[in-house]
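Colleague: Structure incoming, see below.
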Amino acid sequence: MSAVIVEREEPQAFLSHSSLDKAVARRVAAALRKVGLEVWIDESEISPGSSLRKAVEAGIEESGYFLLLWSENAARSQWVSAEIDAAFVQLMNEKMVAIVPIRLDATALPTLLAGLRYIDYARDGIQAIRAFFEPELKGDDGHDGADCCDRLGALSDRDLRKVIHRGLTMDEVEVVWNDVLGQMDAMMKYKPDQNVIMDLINRARMRKKLGELHEVLCEDHPHVAP
């Protein structure tokens, strides 16, 4: 079974995710907007005092793509489970919903989703999302994020350190560190700036998150790419 791809004048994607995966959801949403998709994500679509259930139902009904950020966190989320059920109702009623799982880790997909074509974010990162949607959609901002990641990936660790040091403040480096590796150690603030950046690169490489580091830099600071 393949993911169902639909056509809309203004394509919209509903981004289903666990609140514990919010940081990844924001990066995915930014990448989707760059390839021409409007993105329904709860924090930007639900106003204070409004009905969460009604807002979610309307978001799914109005979307041509139902994108499921699947992880161990999502598997435990009752909200995510309810959103999947609602998406299947729309799909069965031919309401132009495409269900596309985006796997964040090795958690097995639910039985009903196991046969769908999925995006392996855990292995391929943001570039896999672009590769999936770019043949169908074209972004309107002219920025090629995949090319940015390729250019950063071609740099040696020493040259990557140089472009980060030249292009980011240390406050920005700390934000990038927190996005990729989690909370920065307090003692890092007492190290020379270039040593901190080199530690960021080395730890990202050791944890097999160097690609994610490139993605975060390209999403938030694309000017650093040579």
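Letters A, B, ... go to the chains of the structure tokens in the order shown; residues in each chain start at 1; ligands are counted from 1 in the same order.
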Could you pull the residues within 8 Å of Arg166 of chain A, counting only C-alpha atoms, minus those fewer than 3 positions along the same chain, as number ranges by chain?
Modeller: A: 162-163, 224
Colleague: Can you spit out the residues from that selection as a PDB file, in the first residue's frame, using N, CA and C atoms?
Modeller:
```pdb
ATOM      1  N   LYS A 162      34.929  26.640  11.922  1.00  0.00           N
ATOM      2  CA  LYS A 162      35.210  28.018  11.507  1.00  0.00           C
ATOM      3  C   LYS A 162      33.951  28.744  11.064  1.00  0.00           C
ATOM      4  N   VAL A 163      33.107  28.076  10.251  1.00  0.00           N
ATOM      5  CA  VAL A 163      31.917  28.769   9.743  1.00  0.00           C
ATOM      6  C   VAL A 163      30.900  29.004  10.854  1.00  0.00           C
ATOM      7  N   VAL A 224      25.342  30.351   7.352  1.00  0.00           N
ATOM      8  CA  VAL A 224      26.649  29.790   7.726  1.00  0.00           C
ATOM      9  C   VAL A 224      27.238  28.913   6.629  1.00  0.00           C
TER      10      VAL A 224
END
```
Colleague: Pick out the residues sitting within 6 Å of Trp40 of chain A, and hand them over as a list in words; count only C-alpha atoms, and ignore anything fewer than 3 positions along from it in its own chain.
Modeller: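 Skipping anything fewer than 3 positions along the chain leaves Ala13, Phe14 and Leu15 of chain A.
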Colleague: Quick one: residues within 12 Å of Leu113 of chain A, only C-alpha atoms counted, chain neighbours fewer than 6 positions away excluded, as an MDAnalysis selection string?
Modeller: chainID A and resid 1:3 67:68 70 81 84:85 87:88 98:103
Colleague: Next, the residues of the selection above should be written as a compact mmCIF listing (two decimals), in the first residue's frame with N, CA and C atoms.
Modeller:
```txt
# COMPACT_ATOMS: atom_id res chain seq x y z
N MET A 1 0.85 -1.19 0.00
CA MET A 1 0.00 0.00 0.00
C MET A 1 0.89 1.24 0.00
N SER A 2 0.56 2.21 -0.81
CA SER A 2 1.31 3.45 -0.87
C SER A 2 0.57 4.55 -0.17
N ALA A 3 1.31 5.56 0.29
CA ALA A 3 0.66 6.74 0.84
C ALA A 3 -0.17 7.39 -0.25
N LEU A 67 0.37 13.87 8.40
CA LEU A 67 1.75 13.46 8.65
C LEU A 67 1.91 13.07 10.11
N LEU A 68 2.31 11.85 10.33
CA LEU A 68 2.40 11.29 11.67
C LEU A 68 3.85 11.17 12.10
N TRP A 70 6.07 9.55 14.19
CA TRP A 70 5.92 8.33 14.99
C TRP A 70 7.17 8.03 15.79
N SER A 81 -3.20 8.76 19.04
CA SER A 81 -4.05 7.63 18.66
C SER A 81 -5.40 8.11 18.13
N ILE A 84 -5.01 9.62 14.66
CA ILE A 84 -4.88 8.58 13.62
C ILE A 84 -6.25 8.04 13.25
N ASP A 85 -7.08 7.76 14.27
CA ASP A 85 -8.44 7.25 14.00
C ASP A 85 -9.23 8.24 13.14
N ALA A 87 -8.05 10.49 11.10
CA ALA A 87 -7.49 10.53 9.75
C ALA A 87 -7.97 9.35 8.92
N PHE A 88 -8.07 8.17 9.52
CA PHE A 88 -8.54 6.99 8.79
C PHE A 88 -10.00 7.15 8.37
N ALA A 98 -4.09 12.07 2.99
CA ALA A 98 -2.98 11.15 2.77
C ALA A 98 -2.29 10.91 4.11
N ILE A 99 -2.13 9.67 4.48
CA ILE A 99 -1.46 9.34 5.74
C ILE A 99 -0.01 8.97 5.44
N VAL A 100 0.91 9.77 5.97
CA VAL A 100 2.34 9.56 5.72
C VAL A 100 3.07 9.48 7.06
N PRO A 101 3.46 8.30 7.51
CA PRO A 101 4.23 8.20 8.75
C PRO A 101 5.65 8.73 8.57
N ILE A 102 6.13 9.43 9.58
CA ILE A 102 7.52 9.90 9.62
C ILE A 102 8.14 9.31 10.87
N ARG A 103 9.00 8.33 10.69
CA ARG A 103 9.53 7.59 11.83
C ARG A 103 10.70 8.33 12.46
```
Colleague: Per DSSP on the backbone, what are the strand (DSSP E or B) residues of segment 45-119 of chain A, as a ChimeraX atom specification?
Modeller: /A:65-70,98-103,119
Colleague: Of the candidates A:Val216, A:Val180, A:Val173, A:Ala30, which one gets nearest to Val196 of chain A if we count only C-alpha atoms?
Modeller: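 Answer, going by the shortest atom-to-atom distance: A:Val173.
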Colleague: What parts of segment 62-118 of chain A does DSSP call alpha helix (DSSP H)? I'd like the answer as a PDB file with C-alpha atoms, in the first residue's frame.
Modeller:
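Result saved to selection_12.pdb:
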```pdb
ATOM      1  CA  GLU A  72       8.012   5.817  21.363  1.00  0.00           C
ATOM      2  CA  ASN A  73       6.459   9.013  22.719  1.00  0.00           C
ATOM      3  CA  ALA A  74       3.743   9.043  20.034  1.00  0.00           C
ATOM      4  CA  ALA A  75       2.948   5.372  20.661  1.00  0.00           C
ATOM      5  CA  GLN A  78      -3.817   9.009  23.489  1.00  0.00           C
ATOM      6  CA  TRP A  79      -4.137  12.233  21.473  1.00  0.00           C
ATOM      7  CA  VAL A  80      -1.986  10.842  18.657  1.00  0.00           C
ATOM      8  CA  SER A  81      -4.051   7.627  18.658  1.00  0.00           C
ATOM      9  CA  ALA A  82      -7.288   9.634  18.377  1.00  0.00           C
ATOM     10  CA  GLU A  83      -5.846  11.733  15.544  1.00  0.00           C
ATOM     11  CA  ILE A  84      -4.881   8.584  13.624  1.00  0.00           C
ATOM     12  CA  ASP A  85      -8.436   7.254  14.003  1.00  0.00           C
ATOM     13  CA  ALA A  86      -9.864  10.547  12.724  1.00  0.00           C
ATOM     14  CA  ALA A  87      -7.488  10.530   9.750  1.00  0.00           C
ATOM     15  CA  PHE A  88      -8.541   6.993   8.785  1.00  0.00           C
ATOM     16  CA  VAL A  89     -12.189   8.047   8.825  1.00  0.00           C
ATOM     17  CA  GLN A  90     -11.340  10.851   6.406  1.00  0.00           C
ATOM     18  CA  LEU A  91      -9.321   8.498   4.221  1.00  0.00           C
ATOM     19  CA  MET A  92     -12.060   5.864   4.066  1.00  0.00           C
TER      20      MET A  92
END
```
Colleague: May I ask for the distance between atom CA of Asn178 of chain A and atom CA of Leu217 of chain A, given in Å to one decimal place?
Modeller: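 Interatomic distance here is 12.4 Å.
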Colleague: What does the distance from atom CA of Asn93 of chain A to atom CA of Ala58 of chain A come to in Å, to one decimal?
Modeller: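 Separation between atom CA of Asn93 of chain A and atom CA of Ala58 of chain A: 15.3 Å.
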Colleague: Restricting the calculation to only C-alpha atoms, which member of A:Arg33, A:Arg130, A:His221, A:His214 is positioned closest to Asp157 of chain A?
Modeller: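 Selected residue with least distance to Asp157 of chain A: A:His214.
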Colleague: When you look at Gln12 of chain A with a cut-off of 10 Å (counting only C-alpha atoms), what residues show up, excluding the ones that are within fewer than 5 positions of it in the same chain? I need them as a list in words.
Modeller: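 With the cut-off at 10 Å, the set is Glu7, Leu32, Arg33, Gly36, Leu37, Glu38, Val39, Trp40, Gly59, Ile60, Glu62, Ser63, Gly64, Tyr65, Phe66 and Val97 of chain A.
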Colleague: Can those selected residues be exported to a file as a compact mmCIF listing (two decimals), in the first residue's frame so that it contains N, CA and C atoms?
Modeller:
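Result written to again.txt:
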```
# COMPACT_ATOMS: atom_id res chain seq x y z
N GLU A 7 -4.21 16.30 -4.49
CA GLU A 7 -3.95 17.62 -5.02
C GLU A 7 -4.92 18.61 -4.40
N LEU A 32 8.59 21.61 5.77
CA LEU A 32 7.41 21.44 4.91
C LEU A 32 6.97 22.76 4.30
N ARG A 33 7.03 23.82 5.08
CA ARG A 33 6.64 25.13 4.54
C ARG A 33 7.56 25.54 3.40
N GLY A 36 6.39 24.23 0.10
CA GLY A 36 5.12 24.70 -0.39
C GLY A 36 3.89 24.20 0.32
N LEU A 37 4.05 23.55 1.46
CA LEU A 37 2.89 23.06 2.21
C LEU A 37 2.52 24.03 3.33
N GLU A 38 1.22 24.28 3.48
CA GLU A 38 0.75 24.90 4.69
C GLU A 38 0.74 23.82 5.77
N VAL A 39 1.11 24.18 6.98
CA VAL A 39 1.23 23.18 8.04
C VAL A 39 0.30 23.52 9.19
N TRP A 40 -0.53 22.53 9.57
CA TRP A 40 -1.37 22.65 10.77
C TRP A 40 -0.61 22.01 11.92
N GLY A 59 -8.80 20.70 11.70
CA GLY A 59 -7.48 20.67 11.06
C GLY A 59 -7.30 19.45 10.19
N ILE A 60 -7.73 18.28 10.67
CA ILE A 60 -7.61 17.05 9.89
C ILE A 60 -8.53 17.09 8.67
N GLU A 62 -9.53 19.58 6.98
CA GLU A 62 -9.11 20.57 5.99
C GLU A 62 -7.77 20.23 5.33
N SER A 63 -7.13 19.14 5.76
CA SER A 63 -5.78 18.83 5.30
C SER A 63 -5.76 17.76 4.22
N GLY A 64 -4.88 17.93 3.27
CA GLY A 64 -4.69 16.93 2.24
C GLY A 64 -3.68 15.87 2.62
N TYR A 65 -2.86 16.17 3.61
CA TYR A 65 -1.84 15.23 4.09
C TYR A 65 -1.95 15.11 5.61
N PHE A 66 -1.94 13.90 6.11
CA PHE A 66 -1.87 13.65 7.55
C PHE A 66 -0.49 13.08 7.81
N VAL A 97 -7.40 12.81 2.33
CA VAL A 97 -6.38 12.74 3.37
C VAL A 97 -5.34 11.69 2.98
```
Colleague: Atom CA of Leu181 of chain A and atom CA of Leu109 of chain A are how many Å apart?
Modeller: 25.5 Å
Colleague: Would you list the contacts of Pro226 of chain A as a list of chain:residue names, taking every protein, DNA or RNA residue within 12 Å and counting only C-alpha atoms, but skipping same-chain residues closer than 6 positions in sequence?
Modeller: A:Asp147, A:Cys148, A:Cys149, A:Asp150, A:Arg151, A:Leu152, A:Gly153, A:Ala154, A:Leu155, A:Asp159, A:Leu160, A:Lys162, A:Val163, A:Ile164, A:Arg166, A:Gly167, A:Cys218
